[in-house]
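**Student:** This is the content of start_22.cif (mmCIF, C-alpha atoms):
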```cif
data_target
#
loop_
_atom_site.label_atom_id
_atom_site.label_comp_id
_atom_site.auth_asym_id
_atom_site.auth_seq_id
_atom_site.Cartn_x
_atom_site.Cartn_y
_atom_site.Cartn_z
CA VAL A 1 0.00 0.00 0.00
CA GLN A 2 1.31 3.42 -0.95
CA LEU A 3 -0.08 6.90 -0.47
CA GLN A 4 0.74 9.34 -3.24
CA ALA A 5 0.44 13.02 -2.38
CA SER A 6 0.37 15.76 -4.98
CA GLY A 7 -0.52 19.40 -5.44
CA GLY A 8 2.26 21.17 -3.58
CA GLY A 9 4.21 24.03 -5.06
CA LEU A 10 5.18 27.67 -4.79
CA VAL A 11 2.46 30.24 -4.26
CA GLN A 12 2.33 33.86 -3.17
CA ALA A 13 0.79 34.84 0.15
CA GLY A 14 -2.97 35.01 -0.18
CA GLY A 15 -3.02 32.36 -2.86
CA SER A 16 -4.52 28.88 -2.90
CA LEU A 17 -3.42 25.31 -3.43
CA ARG A 18 -5.24 21.99 -3.38
CA LEU A 19 -3.45 18.90 -2.14
CA SER A 20 -4.57 15.40 -3.03
CA CYS A 21 -3.56 12.05 -1.62
CA ALA A 22 -4.62 8.74 -3.12
CA ALA A 23 -3.93 5.24 -1.89
CA SER A 24 -2.78 2.53 -4.23
CA GLY A 25 -3.24 -1.04 -3.17
CA SER A 26 -5.79 -2.37 -0.74
CA ILE A 27 -6.53 -0.53 2.46
CA PHE A 28 -9.34 -1.98 4.48
CA SER A 29 -11.48 -0.16 6.98
CA ILE A 30 -10.01 3.32 6.93
CA TYR A 31 -11.06 5.08 10.09
CA ARG A 32 -9.46 8.45 9.55
CA MET A 33 -7.71 10.40 6.78
CA GLY A 34 -5.68 13.48 7.42
CA TRP A 35 -2.90 15.92 6.69
CA TYR A 36 0.09 16.83 8.80
CA ARG A 37 2.96 19.20 8.10
CA GLN A 38 6.55 19.56 9.15
CA VAL A 39 9.11 22.32 9.06
CA PRO A 40 12.82 21.40 9.33
CA GLY A 41 13.86 21.27 12.96
CA LYS A 42 10.31 21.04 14.26
CA GLN A 43 7.94 18.21 15.06
CA ARG A 44 5.31 17.10 12.60
CA GLU A 45 2.02 18.78 13.46
CA LEU A 46 -1.61 18.13 12.75
CA VAL A 47 -3.24 20.19 10.03
CA ALA A 48 -6.64 18.52 9.64
CA THR A 49 -8.30 15.13 9.84
CA ILE A 50 -11.63 13.64 8.81
CA THR A 51 -13.07 10.38 10.09
CA SER A 52 -15.19 7.86 8.25
CA GLY A 53 -18.16 9.32 10.10
CA GLY A 54 -17.37 12.79 8.84
CA ASN A 55 -15.99 14.20 12.07
CA LEU A 56 -13.53 17.00 11.42
CA ASN A 57 -10.56 18.22 13.41
CA SER A 58 -8.13 20.95 12.45
CA ALA A 59 -5.42 23.13 13.88
CA ASP A 60 -6.50 26.54 15.09
CA SER A 61 -3.95 28.14 12.78
CA VAL A 62 -5.75 26.87 9.67
CA LYS A 63 -9.38 27.16 10.73
CA GLY A 64 -11.36 29.22 8.25
CA ARG A 65 -8.67 28.87 5.58
CA PHE A 66 -8.13 25.14 4.99
CA THR A 67 -10.82 22.58 4.20
CA ILE A 68 -10.34 18.83 4.29
CA SER A 69 -12.55 16.50 2.30
CA ARG A 70 -12.47 12.90 1.17
CA ASP A 71 -13.70 10.53 -1.49
CA SER A 72 -13.92 7.24 0.35
CA ALA A 73 -14.77 5.29 -2.78
CA LYS A 74 -11.48 6.41 -4.29
CA ASN A 75 -9.48 6.22 -1.04
CA THR A 76 -8.52 9.83 -1.63
CA VAL A 77 -8.27 12.80 0.71
CA TYR A 78 -8.00 16.45 -0.29
CA LEU A 79 -6.86 19.63 1.41
CA GLN A 80 -8.05 22.91 -0.03
CA MET A 81 -5.80 25.67 1.24
CA ASN A 82 -6.91 29.27 0.80
CA ASN A 83 -5.41 32.55 1.94
CA LEU A 84 -2.04 30.92 2.38
CA LYS A 85 0.50 32.58 4.62
CA PRO A 86 4.31 32.30 4.69
CA GLU A 87 4.04 30.39 7.97
CA ASP A 88 2.15 27.65 6.12
CA THR A 89 5.38 26.78 4.33
CA ALA A 90 6.18 23.14 5.15
CA VAL A 91 6.26 19.62 3.81
CA TYR A 92 2.72 18.28 3.95
CA TYR A 93 2.14 14.59 4.64
CA CYS A 94 -1.07 12.66 4.20
CA ASN A 95 -2.01 9.97 6.67
CA PHE A 96 -4.53 7.16 6.68
CA LEU A 97 -5.37 5.38 9.92
CA SER A 98 -7.11 2.03 9.69
CA ARG A 99 -9.61 0.72 12.21
CA TYR A 100 -6.94 -1.77 13.23
CA GLY A 101 -4.57 0.98 14.25
CA VAL A 102 -2.27 0.79 11.24
CA ASN A 103 -0.86 4.13 10.08
CA TYR A 104 -0.02 4.81 6.46
CA TRP A 105 2.00 7.88 5.43
CA GLY A 106 2.50 9.56 2.10
CA GLN A 107 5.90 10.73 0.89
CA GLY A 108 5.24 14.40 1.52
CA THR A 109 4.66 17.32 -0.79
CA LEU A 110 6.36 20.69 -0.35
CA VAL A 111 4.29 23.83 -0.03
CA THR A 112 6.17 27.11 -0.20
CA VAL A 113 4.40 30.41 0.39
CA SER A 114 6.29 33.54 -0.53
CA SER A 115 5.61 36.90 1.11
#
```
Could you express the structure from this file as structure tokens?
**Tutor:**
Amino acid sequence: VQLQASGGGLVQAGGSLRLSCAASGSIFSIYRMGWYRQVPGKQRELVATITSGGNLNSADSVKGRFTISRDSAKNTVYLQMNNLKPEDTAVYYCNFLSRYGVNYWGQGTLVTVSS
């Protein structure tokens, strides 16, 4: 099973990007899909998650700007990022958590926001 993230890039402050993450292979009983981000020298932090029941969780720093959504039939999760700020610059990782407690991570996609 592999998670393939895409959609990162360079954008000016105030701009938008949409990240996608699709799973290849068989993943059974996904409980939660989400996005995390990491800046060099810092710990990976939660951006947003969505459960199979539709429950949402997101970091305060992205509330009102980022929206997470999923297509369960396609095993794909999206992150729409609007009004991007320089402090959003990071490598973004997608994560799938199965009901059996198995974590799957994507390879990361770089988002760079210029001021």
**Student:** The PyMOL selection byres ((chain A and resi 45) around 10) - which residues does that actually catch in the file I just gave you? List them as a PyMOL selection string.
**Tutor:** chain A and resi 35-39+42-44+46-48+59+92-93
**Student:** I'd like the contact shell of Val62 (chain A) - 10 Å cut-off, all atoms listed in the file, skipping same-chain residues fewer than 5 positions apart - returned as a list in words.
**Tutor:** Val47, Ala48, Thr67, Met81, Asn82, Asn83, Leu84, Lys85 and Asp88 of chain A
**Student:** Could you tell me which of A:Leu17, A:Leu3, A:Leu10, A:Met33 comes closest to Ser114 (chain A) if we count all atoms listed in the file?
**Tutor:** A:Leu10
**Student:** Can you tell me which residues surround Gly34 (chain A) at a distance of at most 12 Å, considering all atoms listed in the file, apart from same-chain residues fewer than 4 positions away, and format the answer as an MDAnalysis selection string?
**Tutor:** chainID A and resid 3 5 19:22 30 45:52 54:59 67:70 75:79 92:98 103:106
**Student:** Name the residues that the PyMOL selection byres ((chain A and resi 89) around 7) pulls out of this structure, and write them as a compact mmCIF listing (two decimals) with C-alpha atoms, in the coordinates of the input.
**Tutor:**
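Below you can see out-v9.txt, which holds the result:
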```txt
# COMPACT_ATOMS: atom_id res chain seq x y z
CA PRO A 86 4.31 32.30 4.69
CA GLU A 87 4.04 30.39 7.97
CA ASP A 88 2.15 27.65 6.12
CA ALA A 90 6.18 23.14 5.15
CA VAL A 111 4.29 23.83 -0.03
CA THR A 112 6.17 27.11 -0.20
CA VAL A 113 4.40 30.41 0.39
```
**Student:** Measuring atom to atom with only C-alpha atoms, identify which of A:Gly53, A:Ser24, A:Ser72, A:Val1 is nearest to Val102 (chain A).
**Tutor:** A:Val1
**Student:** Quick check, in Å to one decimal: how far apart do CA of Ser6 (chain A) and CA of Tyr100 (chain A) lie?
**Tutor:**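 We find that CA of Ser6 (chain A) and CA of Tyr100 (chain A) lie 26.3 Å from each other.
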**Student:** Enter the distance from CA of Gly41 (chain A) to CA of Gly9 (chain A), in Å, rounded to one decimal.
**Tutor:**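 Value for the CA of Gly41 (chain A)-CA of Gly9 (chain A) distance: 20.6 Å.
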**Student:** Using all atoms listed in the file, find the one residue out of A:Ser29, A:Gln80, A:Gln107, A:Gln4 that sits nearest to Phe66 (chain A).
**Tutor:** A:Gln80
